[in-house]
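Next up, protein.cif (mmCIF, C-alpha atoms):
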```cif
data_query
#
loop_
_atom_site.label_atom_id
_atom_site.label_comp_id
_atom_site.auth_asym_id
_atom_site.auth_seq_id
_atom_site.Cartn_x
_atom_site.Cartn_y
_atom_site.Cartn_z
CA MET C 109 6.61 -6.79 -13.45
CA ALA C 110 9.74 -5.32 -11.90
CA ASP C 111 13.28 -6.57 -12.40
CA ALA C 112 14.02 -8.70 -9.31
CA ASP C 113 17.30 -6.81 -8.73
CA ALA C 114 15.64 -3.40 -9.03
CA ARG C 115 15.00 -1.27 -5.95
CA CYS C 116 11.58 -1.78 -4.45
CA PRO C 117 9.14 1.06 -5.22
CA CYS C 118 8.05 1.11 -1.55
CA GLY C 119 11.09 3.20 -0.64
CA SER C 120 12.68 0.69 1.74
CA GLY C 121 15.97 0.81 -0.14
CA GLY C 122 15.96 -2.97 -0.60
CA SER C 123 15.56 -4.95 -3.79
CA TYR C 124 12.04 -5.75 -4.93
CA ALA C 125 12.85 -9.49 -4.78
CA ALA C 126 13.77 -9.26 -1.09
CA CYS C 127 11.21 -6.65 -0.08
CA CYS C 128 7.67 -6.56 -1.47
CA GLU C 129 7.73 -9.36 -4.04
CA PRO C 130 7.35 -12.10 -1.37
CA LEU C 131 4.26 -10.31 -0.04
CA HIS C 132 2.84 -9.74 -3.54
CA ASP C 133 3.34 -13.41 -4.38
CA GLY C 134 1.71 -14.60 -1.10
CA ARG C 135 4.90 -16.18 0.30
CA GLU C 136 4.92 -13.76 3.26
CA THR C 137 2.48 -11.49 5.09
CA ALA C 138 3.15 -7.98 6.35
CA ALA C 139 4.05 -7.95 10.06
CA THR C 140 3.02 -4.30 10.54
CA ALA C 141 0.51 -1.83 9.14
CA GLU C 142 3.34 0.30 7.72
CA ARG C 143 4.80 -2.71 5.94
CA LEU C 144 1.39 -3.48 4.44
CA MET C 145 0.95 0.14 3.34
CA ARG C 146 4.39 0.17 1.69
CA SER C 147 3.68 -3.14 -0.07
CA ARG C 148 0.33 -1.84 -1.29
CA TYR C 149 2.02 1.27 -2.70
CA ALA C 150 4.55 -0.98 -4.48
CA ALA C 151 1.66 -3.08 -5.83
CA TYR C 152 -0.03 0.04 -7.21
CA ALA C 153 3.28 1.17 -8.74
CA LEU C 154 3.83 -2.22 -10.39
CA GLY C 155 0.25 -2.93 -11.44
CA ARG C 156 -0.20 -5.84 -9.00
CA SER C 157 -3.95 -5.25 -8.61
CA ALA C 158 -4.69 -8.71 -7.20
CA TYR C 159 -2.53 -7.91 -4.17
CA VAL C 160 -4.25 -4.56 -3.65
CA PHE C 161 -7.62 -6.33 -3.78
CA ARG C 162 -6.51 -9.16 -1.47
CA THR C 163 -5.20 -6.75 1.19
CA TRP C 164 -8.29 -4.51 1.27
CA HIS C 165 -10.90 -5.17 3.98
CA PRO C 166 -13.88 -6.87 2.28
CA ARG C 167 -16.31 -4.48 4.02
CA THR C 168 -14.76 -1.39 2.35
CA ARG C 169 -13.15 -2.83 -0.79
CA PRO C 170 -14.39 -1.52 -4.15
CA ALA C 171 -15.45 -3.94 -6.86
CA ASP C 172 -12.61 -2.82 -9.13
CA VAL C 173 -9.03 -1.98 -8.18
CA GLU C 174 -7.50 -1.94 -11.66
CA PRO C 175 -4.75 0.62 -12.36
CA VAL C 176 -5.71 4.06 -13.62
CA PRO C 177 -4.51 4.34 -17.23
CA GLY C 178 -1.72 6.87 -17.66
CA LEU C 179 -1.02 7.24 -13.93
CA VAL C 180 2.57 6.51 -12.86
CA TRP C 181 3.52 6.34 -9.18
CA THR C 182 6.89 8.04 -8.65
CA GLY C 183 7.69 8.04 -4.93
CA LEU C 184 6.49 7.37 -1.40
CA THR C 185 7.16 9.25 1.84
CA VAL C 186 5.82 7.89 5.14
CA GLN C 187 5.04 10.81 7.45
CA ASP C 188 3.58 9.22 10.58
CA VAL C 189 2.76 5.80 12.00
CA VAL C 190 0.45 5.27 14.98
CA GLY C 191 0.05 1.73 16.28
CA GLY C 192 0.03 -0.98 13.67
CA GLY C 193 2.84 -2.95 15.28
CA ALA C 194 3.24 -6.68 15.32
CA ASP C 195 1.15 -6.93 18.53
CA ASP C 196 -1.48 -4.28 17.70
CA ALA C 197 -5.02 -4.80 16.39
CA GLU C 198 -5.20 -1.50 14.48
CA GLY C 199 -2.91 1.13 13.10
CA THR C 200 -2.76 4.33 11.09
CA VAL C 201 -0.15 5.33 8.52
CA GLU C 202 0.07 8.82 7.06
CA PHE C 203 1.93 9.14 3.78
CA GLU C 204 2.44 11.11 0.61
CA ALA C 205 2.55 9.26 -2.70
CA ALA C 206 3.83 11.20 -5.69
CA PHE C 207 2.48 10.45 -9.14
CA VAL C 208 2.38 11.76 -12.67
CA THR C 209 -0.50 11.78 -15.15
CA GLY C 210 -0.95 13.39 -18.55
CA GLU C 211 -1.86 16.55 -16.65
CA GLY C 212 1.48 16.59 -14.81
CA PRO C 213 2.83 15.68 -11.37
CA ASP C 214 0.74 15.58 -8.21
CA VAL C 215 0.78 14.11 -4.69
CA LEU C 216 -1.77 11.97 -2.88
CA HIS C 217 -1.74 12.66 0.86
CA GLU C 218 -3.57 10.01 2.88
CA ARG C 219 -3.97 8.94 6.48
CA SER C 220 -4.81 5.23 6.11
CA ARG C 221 -6.49 2.97 8.65
CA PHE C 222 -5.54 -0.69 8.98
CA VAL C 223 -6.88 -3.54 11.11
CA ARG C 224 -5.71 -7.04 11.77
CA ARG C 225 -8.08 -9.76 10.53
CA GLY C 226 -6.91 -13.04 11.99
CA ASP C 227 -3.15 -12.99 11.49
CA ARG C 228 -3.12 -10.52 8.57
CA TRP C 229 -3.17 -6.76 8.28
CA VAL C 230 -5.73 -5.28 5.87
CA TYR C 231 -6.38 -1.76 4.64
CA VAL C 232 -9.77 -0.39 5.79
CA ASP C 233 -9.97 3.16 4.46
CA GLY C 234 -8.28 6.52 4.56
CA ASP C 235 -8.73 10.25 4.64
CA THR C 236 -7.22 11.83 1.54
CA ASN C 237 -6.32 15.30 0.44
CA THR C 238 -3.64 16.99 -1.56
CA PRO C 239 -1.86 19.67 0.44
#
```
Could you show the structure in this file as structure tokens?
Amino acid sequence: MADADARCPCGSGGSYAACCEPLHDGRETAATAERLMRSRYAAYALGRSAYVFRTWHPRTRPADVEPVPGLVWTGLTVQDVVGGGADDAEGTVEFEAAFVTGEGPDVLHERSRFVRRGDRWVYVDGDTNTP
């Protein structure tokens, strides 16, 4: 678990306690697809697997979303956002997520699709590659 005064891993510049922690703890929901994507990245970075599972569309969600041993997420850059606003039904967020494993540093590049189910955004799927 992160120190509440520490910067949020999502890259917002805010503290974890004021940024993604309320979403991770279920006290708030993400108002936009980008906000959900950032909070999911922070959940991966902090090992908050239950949040990742809870925010994944049940139709596409894997049975297991546990962290990959030895993988450390080191930074997030949002590259593009299409739709996904507070009044939209779907949205797409393109991002690069840097990470390190025992084999060294790498970057996950993904264009993620999100939909609104009821009043909540959920992750559907994404196209990945490493440029």
**Asked** Which residues, protein or nucleic acid, reach to within 10 Å of (-7.7, -8.4, 12.3) in the file's coordinates when using all atoms listed in the file, and can you give that as a VMD selection string?
**Response** chain C and resid 165 196 to 198 222 to 230
**Message:** Evaluate the PyMOL selection byres ((chain C and resi 220) around 7) against this structure - the residues, as a list in words, please.
**Reply:**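 With the shown file as input, the PyMOL selection byres ((chain C and resi 220) around 7) matches Thr200, Val201, Glu202, Glu218, Arg219, Arg221, Phe222, Asp233, Gly234 and Asp235 of chain C.
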**Message:** Please report the interatomic distance between atom CA of C:Leu179 and atom CA of C:Arg162 in Å with one decimal.
**Reply:**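 So the two atoms, atom CA of C:Leu179 and atom CA of C:Arg162, lie 21.3 Å apart.
Once the PyMOL selection byres ((chain C and resi 127) around 10) is applied to the depicted file, the selected set reads Ala112, Arg115, Cys116, Pro117, Cys118, Gly119, Ser120, Gly121, Gly122, Ser123, Tyr124, Ala125, Ala126, Cys128, Glu129, Pro130, Leu131, His132, Arg143, Arg146, Ser147 and Ala150 of chain C.
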**Prompt:** With only C-alpha atoms as the basis for distance, which of C:Ala205, C:Ala138, C:Val186, C:Val215 is at the shortest distance from C:Tyr159?
**Reply:**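 Counting only C-alpha atoms, the residue closest to C:Tyr159 is C:Ala138.
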**Asked** Which residues match the PyMOL selection byres ((chain C and resi 171) around 12) in the file above, as an NGL selection string?
**Response** :C and (157-158 or 160-162 or 164-170 or 172-174)
**Message:** Please report the interatomic distance between atom CA of C:Gly193 and atom CA of C:Asp113 in Å with one decimal.
**Reply:** 28.3 Å
**Asked** Which of these residues is nearest to C:Thr185, using all atoms listed in the file: C:Val208, C:Leu216, C:Gly199, C:Arg156?
**Response**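 Using all atoms listed in the file, C:Thr185 sits closest to C:Leu216.
Atom CA of C:Met145 is positioned 12.7 Å from atom CA of C:Val190.
Of the listed residues (C:Thr137, C:Pro177, C:Asn237, C:Glu142), C:Glu142 comes nearest to C:Gly192; the distances count all atoms listed in the file.
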**Request:** Have a look at C:Gly183, C:Glu204, C:Gly178, C:Ala194 and name the one nearest to C:Ala139; count all atoms listed in the file.
**Result:**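 Result for the nearest residue to C:Ala139: C:Ala194.
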**Message:** Please determine, counting all atoms listed in the file, which residue among C:Arg148, C:Thr140, C:Pro175, C:Phe203 has the shortest atom-to-atom distance to C:Thr163.
**Reply:**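 Looking at the shortest contact to C:Thr163, the residue is C:Arg148.
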